[in-house]
Structures are given as structure tokens and as C-alpha cells.
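Okay, work31.tsv now, which holds TSV, C-alpha atoms:
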```tsv
chain	number	residue	atom	x	y	z
A	1	MET	CA	34.79	-126.91	-15.73
A	2	ASN	CA	38.60	-126.94	-15.36
A	3	ASP	CA	38.92	-128.21	-18.95
A	4	GLU	CA	36.66	-125.42	-20.19
A	5	LEU	CA	38.92	-122.81	-18.59
A	6	GLY	CA	41.73	-123.90	-20.88
A	7	ALA	CA	45.11	-122.33	-20.09
A	8	LEU	CA	43.52	-120.24	-17.34
A	9	ALA	CA	42.95	-123.38	-15.25
A	10	ALA	CA	46.61	-123.37	-14.24
A	11	ARG	CA	46.11	-119.91	-12.71
A	12	VAL	CA	43.35	-121.13	-10.38
A	13	PRO	CA	44.52	-122.45	-6.99
A	14	ALA	CA	44.32	-126.22	-6.77
A	15	ALA	CA	42.06	-126.09	-3.71
A	16	LEU	CA	39.61	-123.85	-5.58
A	17	ARG	CA	39.66	-126.07	-8.67
A	18	ALA	CA	38.74	-129.05	-6.47
A	19	SER	CA	35.88	-127.27	-4.68
A	20	VAL	CA	32.27	-126.83	-5.77
A	21	ALA	CA	30.13	-123.69	-5.66
A	22	TYR	CA	27.64	-123.25	-2.83
A	23	HIS	CA	24.40	-124.76	-4.11
A	24	VAL	CA	20.95	-124.91	-2.55
A	25	PRO	CA	18.74	-127.50	-4.29
A	26	GLN	CA	15.07	-126.63	-4.74
A	27	PRO	CA	12.17	-128.96	-5.53
A	28	PRO	CA	10.02	-127.79	-8.47
A	29	VAL	CA	7.02	-127.19	-6.18
A	30	VAL	CA	7.45	-126.06	-2.56
A	31	ARG	CA	4.66	-126.60	-0.05
A	32	ALA	CA	6.89	-126.15	3.00
A	33	LYS	CA	10.27	-124.41	2.75
A	34	LEU	CA	12.32	-125.98	5.54
A	35	ASP	CA	15.80	-125.89	4.01
A	36	ALA	CA	17.40	-122.49	4.72
A	37	ASN	CA	16.93	-121.77	8.47
A	38	GLU	CA	14.78	-118.70	7.83
A	39	LEU	CA	12.11	-117.40	10.19
A	40	PRO	CA	8.89	-118.92	8.80
A	41	TYR	CA	6.68	-115.93	9.62
A	42	GLY	CA	6.19	-112.98	7.28
A	43	TRP	CA	5.78	-109.47	8.66
A	44	PRO	CA	2.18	-108.40	9.33
A	45	PRO	CA	0.59	-105.92	6.88
A	46	GLU	CA	0.81	-102.98	9.29
A	47	LEU	CA	4.57	-103.36	9.69
A	48	ARG	CA	5.01	-103.89	5.95
A	49	ALA	CA	3.11	-100.70	5.19
A	50	ARG	CA	5.22	-98.64	7.58
A	51	LEU	CA	8.42	-100.17	6.21
A	52	GLY	CA	7.29	-99.38	2.66
A	53	ALA	CA	6.76	-95.75	3.60
A	54	ALA	CA	10.23	-95.61	5.15
A	55	LEU	CA	11.86	-97.17	2.08
A	56	ALA	CA	10.05	-94.73	-0.23
A	57	GLU	CA	12.13	-91.94	1.31
A	58	VAL	CA	15.48	-93.51	0.32
A	59	ALA	CA	17.37	-91.53	-2.34
A	60	LEU	CA	18.09	-94.32	-4.83
A	61	GLU	CA	20.05	-91.95	-7.09
A	62	ARG	CA	22.72	-91.67	-4.38
A	63	TYR	CA	25.25	-94.17	-3.13
A	64	PRO	CA	24.47	-95.61	0.30
A	65	ASP	CA	26.14	-94.13	3.36
A	66	PRO	CA	29.53	-95.90	3.38
A	67	ARG	CA	29.67	-95.68	7.18
A	68	ALA	CA	26.03	-96.77	7.64
A	69	ARG	CA	25.71	-94.17	10.37
A	70	ALA	CA	22.01	-94.57	11.10
A	71	LEU	CA	22.30	-98.34	11.16
A	72	ARG	CA	25.47	-98.10	13.24
A	73	GLY	CA	23.59	-96.12	15.85
A	74	ALA	CA	20.70	-98.60	15.88
A	75	VAL	CA	23.01	-101.60	16.34
A	76	ALA	CA	24.93	-99.78	19.07
A	77	ARG	CA	21.66	-99.13	20.93
A	78	VAL	CA	20.54	-102.77	20.66
A	79	THR	CA	23.90	-104.34	21.58
A	80	GLY	CA	25.35	-101.76	23.97
A	81	VAL	CA	28.72	-101.57	22.18
A	82	GLY	CA	30.49	-98.49	20.89
A	83	GLU	CA	29.81	-97.38	17.33
A	84	ASP	CA	33.52	-97.77	16.55
A	85	GLN	CA	33.29	-101.50	17.37
A	86	ILE	CA	30.86	-102.39	14.56
A	87	THR	CA	31.64	-103.61	11.05
A	88	PHE	CA	28.83	-104.28	8.57
A	89	GLY	CA	28.68	-106.95	5.90
A	90	ASN	CA	26.37	-108.26	3.22
A	91	GLY	CA	25.17	-110.99	5.55
A	92	SER	CA	27.46	-113.24	7.58
A	93	ASP	CA	29.00	-114.61	4.39
A	94	GLU	CA	30.76	-111.37	3.52
A	95	LEU	CA	31.85	-110.84	7.11
A	96	ILE	CA	33.50	-114.27	7.15
A	97	ALA	CA	35.27	-113.35	3.91
A	98	LEU	CA	36.42	-110.02	5.38
A	99	VAL	CA	37.90	-111.74	8.44
A	100	CYS	CA	39.75	-114.23	6.24
A	101	ALA	CA	41.05	-111.43	4.01
A	102	ALA	CA	42.18	-109.18	6.86
A	103	LEU	CA	43.97	-111.91	8.81
A	104	ALA	CA	45.72	-113.87	6.10
A	105	GLY	CA	46.77	-117.29	7.35
A	106	PRO	CA	45.29	-120.67	8.17
A	107	VAL	CA	41.60	-120.72	9.12
A	108	LEU	CA	40.53	-123.35	11.65
A	109	TYR	CA	37.03	-124.53	12.55
A	110	PRO	CA	35.15	-127.68	13.62
A	111	TRP	CA	33.67	-129.94	10.96
A	112	PRO	CA	30.88	-130.32	10.03
A	113	SER	CA	30.04	-126.66	10.42
A	114	PHE	CA	29.07	-123.71	8.25
A	115	VAL	CA	30.47	-124.44	4.80
A	116	TYR	CA	31.34	-120.80	4.10
A	117	TYR	CA	34.25	-120.96	6.53
A	118	ARG	CA	35.87	-123.42	4.13
A	119	LEU	CA	34.87	-121.58	0.95
A	120	SER	CA	36.18	-118.23	2.21
A	121	ALA	CA	39.55	-119.69	3.14
A	122	ILE	CA	39.90	-121.51	-0.19
A	123	ALA	CA	38.93	-118.40	-2.17
A	124	ARG	CA	41.72	-116.46	-0.46
A	125	GLY	CA	44.34	-119.14	-0.92
A	126	VAL	CA	44.82	-119.90	2.78
A	127	PRO	CA	44.69	-123.35	4.39
A	128	ALA	CA	41.32	-124.47	5.76
A	129	ILE	CA	41.93	-126.65	8.83
A	130	GLU	CA	38.98	-128.81	9.90
A	131	VAL	CA	38.80	-130.42	13.33
A	132	PRO	CA	36.35	-133.35	13.24
A	133	LEU	CA	33.45	-133.36	15.66
A	134	GLY	CA	32.50	-136.47	17.63
A	135	ASP	CA	29.85	-139.02	16.68
A	136	ARG	CA	27.15	-136.87	18.24
A	137	PHE	CA	28.70	-133.64	16.98
A	138	GLU	CA	30.34	-132.82	20.28
A	139	LEU	CA	33.41	-130.58	20.22
A	140	ASP	CA	36.67	-132.32	21.17
A	141	GLU	CA	38.30	-129.42	23.00
A	142	ALA	CA	41.63	-131.22	23.47
A	143	ALA	CA	41.82	-132.02	19.75
A	144	PHE	CA	40.97	-128.41	18.99
A	145	GLU	CA	43.80	-127.17	21.18
A	146	ARG	CA	46.22	-129.61	19.52
A	147	ALA	CA	45.16	-128.39	16.07
A	148	ILE	CA	45.77	-124.77	17.08
A	149	ALA	CA	49.23	-125.66	18.41
A	150	GLU	CA	50.10	-127.56	15.23
A	151	HIS	CA	48.71	-125.23	12.56
A	152	ARG	CA	48.93	-121.82	14.26
A	153	PRO	CA	45.84	-120.41	12.57
A	154	SER	CA	45.15	-116.72	12.18
A	155	VAL	CA	41.41	-117.22	12.64
A	156	VAL	CA	39.25	-119.71	14.54
A	157	PHE	CA	35.54	-119.87	13.74
A	158	LEU	CA	33.12	-121.32	16.28
A	159	ALA	CA	29.44	-121.36	15.30
A	160	LEU	CA	27.52	-121.05	18.58
A	161	PRO	CA	25.14	-122.80	18.03
A	162	ASN	CA	26.45	-124.78	15.09
A	163	ASN	CA	24.97	-125.04	11.62
A	164	PRO	CA	24.03	-127.62	10.30
A	165	THR	CA	23.86	-129.64	13.52
A	166	GLY	CA	22.16	-127.19	15.91
A	167	THR	CA	24.69	-128.13	18.60
A	168	LEU	CA	25.60	-125.51	21.20
A	169	TRP	CA	29.08	-126.17	22.51
A	170	ARG	CA	30.43	-124.75	25.75
A	171	MET	CA	30.32	-120.96	25.27
A	172	ASP	CA	33.26	-120.31	27.60
A	173	PHE	CA	35.55	-122.39	25.38
A	174	ALA	CA	35.70	-119.54	22.84
A	175	LEU	CA	36.70	-117.14	25.61
A	176	GLU	CA	39.32	-119.53	26.95
A	177	LEU	CA	40.81	-119.82	23.47
A	178	ALA	CA	40.86	-116.03	23.16
A	179	GLY	CA	42.67	-115.78	26.48
A	180	ARG	CA	45.25	-118.46	25.70
A	181	HIS	CA	45.92	-117.51	22.05
A	182	ARG	CA	46.17	-113.75	21.87
A	183	ASP	CA	47.64	-113.89	18.36
A	184	VAL	CA	44.56	-115.69	16.98
A	185	ALA	CA	41.25	-114.04	16.14
A	186	ILE	CA	38.48	-116.07	17.78
A	187	VAL	CA	35.12	-115.61	16.06
A	188	SER	CA	32.00	-116.35	18.11
A	189	ASP	CA	29.49	-116.78	15.27
A	190	GLU	CA	26.12	-116.10	16.90
A	191	ALA	CA	23.83	-116.21	13.88
A	192	TYR	CA	21.26	-118.20	15.89
A	193	LEU	CA	21.36	-116.09	19.05
A	194	ALA	CA	17.58	-115.57	18.94
A	195	TYR	CA	17.06	-119.31	19.42
A	196	SER	CA	19.83	-120.10	21.91
A	197	GLY	CA	19.78	-116.99	24.09
A	198	ARG	CA	23.54	-117.38	24.68
A	199	THR	CA	26.22	-114.86	23.75
A	200	ASN	CA	29.85	-114.06	24.44
A	201	LEU	CA	29.29	-110.34	23.96
A	202	PRO	CA	29.65	-109.40	27.68
A	203	ALA	CA	33.26	-110.66	27.58
A	204	LEU	CA	34.23	-108.58	24.55
A	205	ALA	CA	36.08	-105.91	26.54
A	206	ASP	CA	38.31	-108.54	28.17
A	207	HIS	CA	39.39	-110.14	24.89
A	208	PRO	CA	40.82	-107.81	22.22
A	209	ASN	CA	41.11	-110.76	19.79
A	210	LEU	CA	37.45	-111.83	20.13
A	211	ILE	CA	34.97	-111.13	17.31
A	212	VAL	CA	31.25	-111.61	17.94
A	213	MET	CA	29.37	-112.07	14.67
A	214	ARG	CA	25.62	-111.50	14.24
A	215	THR	CA	23.14	-111.44	11.36
A	216	LEU	CA	19.56	-110.32	10.84
A	217	SER	CA	18.96	-113.19	8.42
A	218	LYS	CA	17.61	-115.69	10.96
A	219	VAL	CA	15.02	-113.44	12.59
A	220	GLY	CA	12.78	-112.60	9.64
A	221	LEU	CA	15.12	-110.46	7.55
A	222	ALA	CA	16.99	-112.96	5.37
A	223	GLY	CA	16.16	-110.93	2.26
A	224	LEU	CA	18.08	-107.91	3.56
A	225	ARG	CA	21.52	-109.55	3.75
A	226	VAL	CA	22.66	-107.47	6.72
A	227	GLY	CA	25.19	-108.78	9.20
A	228	PHE	CA	27.68	-107.19	11.56
A	229	THR	CA	30.66	-107.97	13.73
A	230	LEU	CA	31.26	-106.61	17.21
A	231	SER	CA	34.91	-106.39	18.23
A	232	SER	CA	37.58	-104.12	19.63
A	233	PRO	CA	37.86	-100.77	17.82
A	234	ALA	CA	41.24	-101.87	16.46
A	235	LEU	CA	39.83	-105.05	14.91
A	236	ALA	CA	36.83	-103.16	13.54
A	237	ALA	CA	39.19	-100.66	11.90
A	238	LEU	CA	41.20	-103.52	10.41
A	239	LEU	CA	38.09	-105.16	8.93
A	240	ASP	CA	37.04	-101.80	7.52
A	241	LYS	CA	40.25	-101.74	5.47
A	242	VAL	CA	39.10	-104.74	3.43
A	243	ARG	CA	35.39	-103.92	3.41
A	244	PRO	CA	33.98	-102.63	0.11
A	245	PRO	CA	32.86	-99.01	0.64
A	246	TYR	CA	29.21	-99.51	-0.36
A	247	ASN	CA	28.68	-103.14	0.64
A	248	VAL	CA	25.29	-102.62	2.35
A	249	SER	CA	22.72	-100.98	0.10
A	250	ALA	CA	20.77	-97.88	1.09
A	251	LEU	CA	17.52	-99.85	1.05
A	252	ASP	CA	18.99	-102.57	3.25
A	253	GLN	CA	20.37	-100.02	5.69
A	254	ARG	CA	17.04	-98.24	5.98
A	255	ALA	CA	15.07	-101.48	6.34
A	256	ALA	CA	17.46	-102.77	9.01
A	257	VAL	CA	17.15	-99.53	11.01
A	258	PHE	CA	13.36	-99.82	10.83
A	259	ALA	CA	13.52	-103.46	11.96
A	260	LEU	CA	15.78	-102.74	14.92
A	261	ASP	CA	13.89	-99.64	16.05
A	262	GLN	CA	10.27	-100.60	15.32
A	263	ALA	CA	9.94	-104.35	14.68
A	264	TRP	CA	12.47	-105.96	16.99
A	265	SER	CA	9.93	-107.04	19.59
A	266	TRP	CA	7.81	-108.67	16.88
A	267	CYS	CA	10.86	-110.57	15.56
A	268	ALA	CA	11.78	-111.72	19.08
A	269	ALA	CA	8.24	-112.94	19.76
A	270	ARG	CA	8.17	-114.99	16.54
A	271	ALA	CA	11.59	-116.48	17.36
A	272	ALA	CA	10.21	-117.56	20.76
A	273	GLU	CA	7.36	-119.33	18.93
A	274	VAL	CA	9.91	-121.19	16.84
A	275	VAL	CA	11.74	-122.32	19.99
A	276	ALA	CA	8.50	-123.76	21.36
A	277	GLU	CA	7.74	-125.47	18.04
A	278	ARG	CA	11.29	-126.87	17.93
A	279	ALA	CA	10.67	-128.93	21.06
A	280	ARG	CA	7.31	-130.20	19.81
A	281	LEU	CA	8.65	-131.06	16.34
A	282	ALA	CA	11.66	-132.89	17.80
A	283	ARG	CA	9.31	-135.22	19.65
A	284	GLU	CA	7.36	-135.89	16.44
A	285	LEU	CA	10.48	-136.52	14.35
A	286	ALA	CA	11.83	-139.01	16.90
A	287	ARG	CA	9.30	-141.49	15.49
A	288	PHE	CA	11.26	-141.55	12.22
A	289	GLY	CA	14.90	-141.50	13.30
A	290	GLU	CA	17.51	-140.03	15.61
A	291	VAL	CA	17.00	-136.34	16.38
A	292	PHE	CA	19.99	-134.44	17.72
A	293	PRO	CA	19.65	-131.75	20.42
A	294	SER	CA	19.45	-128.26	18.94
A	295	GLU	CA	19.67	-124.71	20.21
A	296	ALA	CA	19.11	-123.20	16.75
A	297	ASN	CA	16.00	-122.95	14.56
A	298	LEU	CA	16.83	-126.29	12.94
A	299	LEU	CA	16.85	-129.97	13.74
A	300	LEU	CA	19.31	-132.53	12.40
A	301	VAL	CA	17.80	-135.97	11.89
A	302	ARG	CA	19.34	-139.30	10.96
A	303	PHE	CA	16.38	-141.08	9.43
A	304	ALA	CA	16.01	-144.80	9.88
A	305	ARG	CA	15.59	-145.35	6.14
A	306	PRO	CA	17.57	-143.88	3.22
A	307	GLY	CA	16.28	-141.45	0.60
A	308	VAL	CA	13.96	-139.51	2.89
A	309	ALA	CA	15.09	-136.07	1.71
A	310	ASP	CA	14.38	-136.96	-1.92
A	311	ALA	CA	11.02	-138.43	-0.98
A	312	LEU	CA	10.13	-135.23	0.88
A	313	ALA	CA	11.22	-133.09	-2.08
A	314	ALA	CA	8.92	-135.10	-4.33
A	315	ARG	CA	6.09	-134.08	-1.98
A	316	GLY	CA	7.02	-130.40	-2.00
A	317	ILE	CA	8.85	-130.39	1.34
A	318	ALA	CA	12.23	-128.68	0.97
A	319	VAL	CA	14.86	-129.86	3.49
A	320	ARG	CA	18.66	-129.99	3.32
A	321	SER	CA	20.47	-133.31	2.98
A	322	PHE	CA	24.02	-133.96	4.20
A	323	PRO	CA	26.06	-137.17	4.30
A	324	PHE	CA	25.64	-137.25	8.09
A	325	GLY	CA	21.92	-136.43	8.30
A	326	THR	CA	19.03	-134.28	7.13
A	327	ARG	CA	18.72	-130.69	8.35
A	328	ILE	CA	15.16	-129.47	8.82
A	329	THR	CA	14.32	-125.85	9.55
A	330	VAL	CA	11.70	-125.43	12.26
A	331	GLY	CA	8.70	-123.92	10.48
A	332	THR	CA	5.20	-122.97	11.52
A	333	PRO	CA	2.95	-125.58	13.16
A	334	ALA	CA	1.14	-125.92	9.82
A	335	GLU	CA	4.43	-126.61	8.03
A	336	SER	CA	5.38	-129.13	10.71
A	337	ALA	CA	2.07	-130.90	10.11
A	338	LEU	CA	2.79	-131.10	6.36
A	339	LEU	CA	6.27	-132.48	7.11
A	340	VAL	CA	5.05	-135.15	9.52
A	341	ALA	CA	2.25	-136.19	7.19
A	342	ALA	CA	4.75	-136.57	4.36
A	343	LEU	CA	7.05	-138.64	6.58
A	344	ASP	CA	4.11	-140.87	7.51
A	345	GLU	CA	3.50	-141.41	3.79
A	346	CYS	CA	7.16	-142.24	3.22
A	347	ALA	CA	7.08	-144.79	6.07
A	348	ARG	CA	4.17	-146.77	4.64
```
Entire entry expressed as C-alpha cells:
Amino acid sequence: MNDELGALAARVPAALRASVAYHVPQPPVVRAKLDANELPYGWPPELRARLGAALAEVALERYPDPRARALRGAVARVTGVGEDQITFGNGSDELIALVCAALAGPVLYPWPSFVYYRLSAIARGVPAIEVPLGDRFELDEAAFERAIAEHRPSVVFLALPNNPTGTLWRMDFALELAGRHRDVAIVSDEAYLAYSGRTNLPALADHPNLIVMRTLSKVGLAGLRVGFTLSSPALAALLDKVRPPYNVSALDQRAAVFALDQAWSWCAARAAEVVAERARLARELARFGEVFPSEANLLLVRFARPGVADALAARGIAVRSFPFGTRITVGTPAESALLVAALDECAR
């Protein structure tokens, strides 16, 4: 690709030239989609019909509300924060990019973790500092502190719980970092809150450099691409300076308001079902390899034999393979049965 750019290649930062685009492989036929950490349950017909009626009222000939006022009010009601503390993004990905753009400087995070922390830093030409996790994906807090002292990052990302490992590190560590390093933005990325039940939001008022990040993608609304940060009004105003004015579409805003006001209890109930299935599936998967503890809607497995992810893909089971293990989204009980049956076939 660099050769094809010709003379323009010299204009591309070296770190970006060396990176690869975010890619999600898909098998040609999918019987169980367990690769993207989505909620496996579709909305019931009655909710879909009511949502369709609400969306039919959206004026598509007009730009969306740049302040997302209706959605802002709905999020404020659900979270209990002030409306001036909310910044919206096109999913968590855009929010991560906004934080990196607003606070130019090194970005620091554990590794392995969410790959978009790295991609956002590289795209903005700032150093991406990775602090290795332990053998069982535990967070080395002393090493993290040393890395902050050495690199003086502008932003620290902590995925709580972590993707792709499912690990939930000590929640108070993020708050301790925010207290000790007032000149660093500490992001508590809580994309999987529905499955962990743990949040740093109650401490927001005590830490003006803390950013709590949420998304609707993991609770049945991945197609909307709606995420938001909760922070001090000053940080929210800063993020708004780099936010595109119409970054959340009118349809997405209206659908998200409907979900928060009329479907939130349904989403929470389905997430609770996933938590129960997570425990059952972990016991089943332990027959095939090492299963790591998870507080998200995913399980990371180190299979006893190589090539399992490819063998599953050949059987229509989509999972995500990493050098350190295979990430499996917790699906419905029926999808779990398909997965375990395929693994039994692979083991023969």
C-alpha cells in the first residue's frame, strides 16, 4: 500500500504507515455470530413497531439537532449527571478519537486492550504507550505508575472491564490515578457496564480529570452507533470543540431516546440473561482449554489445540482470534449449544 501511494507515502506518519486498518473477519456462512460482543437478542415485535412509528416522525430533510437535546435529557435522567456534562459520539470509537484530539500528547493504556486506543493515537500523530498486562491479564499497577511518570501522558485509557480479555481490574485504581495525576485525563471506559455492574460514575464530582465513557452498542443497540462521555462541564465543553456538529444522526438520536425511555428495562433483562449464560458457558468451555474470568459479555479462551478459530469458522461459528487466545461473545443458549457441538467435532 505504501508503494501505491507513491510520493504521498512520505507525507504519512511512519507509525500510520506501519499500522493496519481495523478488520473484522467473517466466515462465508454464519450460524452463530459470536465475534463482536453484541447482545444476541433482537427486540421483540411490539417494541420494533413502536420504534418504527417513532422513527417515522423524524424530519429526514433536516440536519440532526447538533446539541442532541432530547437525547441529552434522556441520558441525564438515566445517569443522574447534568446535561452540560455529556458529550455524544458515533459510538465509543469516535469518543476515543475526540479525547485524543482534544488532549494532544502521549496516550497510555494497558495491553492487550481495545485496539482503537492505539489506532486513535496513531491517527493523530501522538505516541501510543502500552503497558503490558501479566500472564493472566492482571494489571501491574506499579508498572503503570512508572509508565505514567516516565512518559507523562495526556490521556490514560482503562477499559473496565477490559476487551478482549473480559478482565475487571480494581475500579478504585482509576480514581487513585485521577487523584494523583491531575494533569492527566483518566478515562474509565465502561462499555460493558451492563455485564459488570461496576462504575466509577459516583466519584465523578471529586475528580475533574475523570471521564466516564459509555455506549449503547453492547446492550442491543450496536447498529445505532451512539456513545457518550460523562465528565466535568469543562471537559465536556473541551470535547465539544473537536466534535463534528452533526456526528449523531437524527434517526440514531430518536432511536436512542426511545431505547432509554421505553426499552431500557428490556435491555437490562436481556443483559442479565447473558450474565447467567456466561457462567454456564465458561464451565462448558473449560473442557477445551483455559477460560479466563470475565465480567463482560465475552470469554477469552486459550484452547488446548491450535487452529480452533479457523475450524469454528469453517462450521459457521464466528469468533475472534488473537495471538494470546480466542475471544468468544456470550450468545443465546442455542448459540452456545452450536458452539460446544462444533468444539466437540473439532476435538474428535
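Our summary of the geometry notes that CA of Val219 in chain A is positioned 7.2 Å from CA of Ala194 in chain A.
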Asp140 in chain A environment, 12 Å, all atoms listed in the file, sequence neighbours closer than 5 positions dropped, as a short mmCIF file (atom, residue, chain, number, x, y, z; two decimals) with C-alpha atoms, keeping the file's coordinate frame:
```cif
data_model
loop_
_atom_site.label_atom_id
_atom_site.label_comp_id
_atom_site.auth_asym_id
_atom_site.auth_seq_id
_atom_site.Cartn_x
_atom_site.Cartn_y
_atom_site.Cartn_z
CA TYR A 109 37.03 -124.53 12.55
CA PRO A 110 35.15 -127.68 13.62
CA TRP A 111 33.67 -129.94 10.96
CA VAL A 131 38.80 -130.42 13.33
CA PRO A 132 36.35 -133.35 13.24
CA LEU A 133 33.45 -133.36 15.66
CA GLY A 134 32.50 -136.47 17.63
CA ASP A 135 29.85 -139.02 16.68
CA GLU A 145 43.80 -127.17 21.18
CA ARG A 146 46.22 -129.61 19.52
CA ALA A 147 45.16 -128.39 16.07
CA TRP A 169 29.08 -126.17 22.51
CA ARG A 170 30.43 -124.75 25.75
CA PHE A 173 35.55 -122.39 25.38
#
```
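Among the candidate residues A:Ala205, A:Leu103, A:Val330, A:Leu224, the one lying nearest to Val274 in chain A is A:Val330, with distances computed using only C-alpha atoms.
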With 8 Å of padding per side, what axis-aligned box (centre and edge lengths, Å, one decimal) covers all the listed atoms of range 31-40 of chain A? Give it as AutoDock Vina command-line options.
```
--center_x 11.0 --center_y -122.0 --center_z 5.1 --size_x 28.7 --size_y 25.2 --size_z 26.2
```
### Non-local contacts of Tyr41 in chain A (9 Å; all atoms listed in the file; under 4 positions in same chain excluded) as number ranges by chain
A: 220, 270, 331-332
### Task
Find the residues around Pro233 in chain A up to 8 Å (all atoms listed in the file counted), leave out those fewer than 5 positions away in its own chain, and share them as a list in words.
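Non-adjacent residues within range: Asp84, Gln85 and Ile86 of chain A.
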### Task
Report the distance between CA of His207 in chain A and CA of Leu95 in chain A in Å, rounded to one decimal place.
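Distance reported for this atom pair: 19.3 Å.
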### Task
Work out how far apart CA of Arg243 in chain A and CA of Leu193 in chain A are and give it in Å to one decimal.
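These two atoms are separated by 24.3 Å.
Proximity ranking of A:Gly73, A:Pro323, A:Gly89, A:Pro306 relative to Ala347 in chain A places A:Pro306 first, based on only C-alpha atoms.
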Extract, using only C-alpha atoms, all DNA, RNA and protein residues at most 8 Å from Leu298 in chain A, discarding same-chain residues fewer than 6 positions from it, and format them as a short mmCIF file (atom, residue, chain, number, x, y, z; two decimals) with C-alpha atoms, keeping the file's coordinate frame.
```cif
data_model
loop_
_atom_site.label_atom_id
_atom_site.label_comp_id
_atom_site.auth_asym_id
_atom_site.auth_seq_id
_atom_site.Cartn_x
_atom_site.Cartn_y
_atom_site.Cartn_z
CA ASN A 37 16.93 -121.77 8.47
CA PRO A 164 24.03 -127.62 10.30
CA THR A 165 23.86 -129.64 13.52
CA GLY A 166 22.16 -127.19 15.91
CA ARG A 278 11.29 -126.87 17.93
CA ARG A 327 18.72 -130.69 8.35
CA ILE A 328 15.16 -129.47 8.82
CA THR A 329 14.32 -125.85 9.55
CA VAL A 330 11.70 -125.43 12.26
#
```
### Task
Fewer than 4 positions away in the same chain doesn't count, so skip those; otherwise give me all residues within 8 Å of Ala70 in chain A, counting only C-alpha atoms, as an MDAnalysis selection string.
chainID A and resid 74 253 257
### Task
Considering only C-alpha atoms, state which residue in the set A:Tyr246, A:Tyr192, A:Tyr117, A:Phe137 is at the smallest distance from Asn90 in chain A.
A:Tyr246
### Message
From (39.4, -125.7, 25.7), in the file's coordinates, out to 8 Å: which residues are reached, counting all atoms listed in the file? Answer as an MDAnalysis selection string.
### Response
chainID A and resid 141:142 144:145 173:174 176:177
### Task
Go through A:Leu251, A:Val291, A:Ile96, A:Ala263 and flag the residue nearest Gly227 in chain A, using only C-alpha atoms for the distances.
A:Ile96
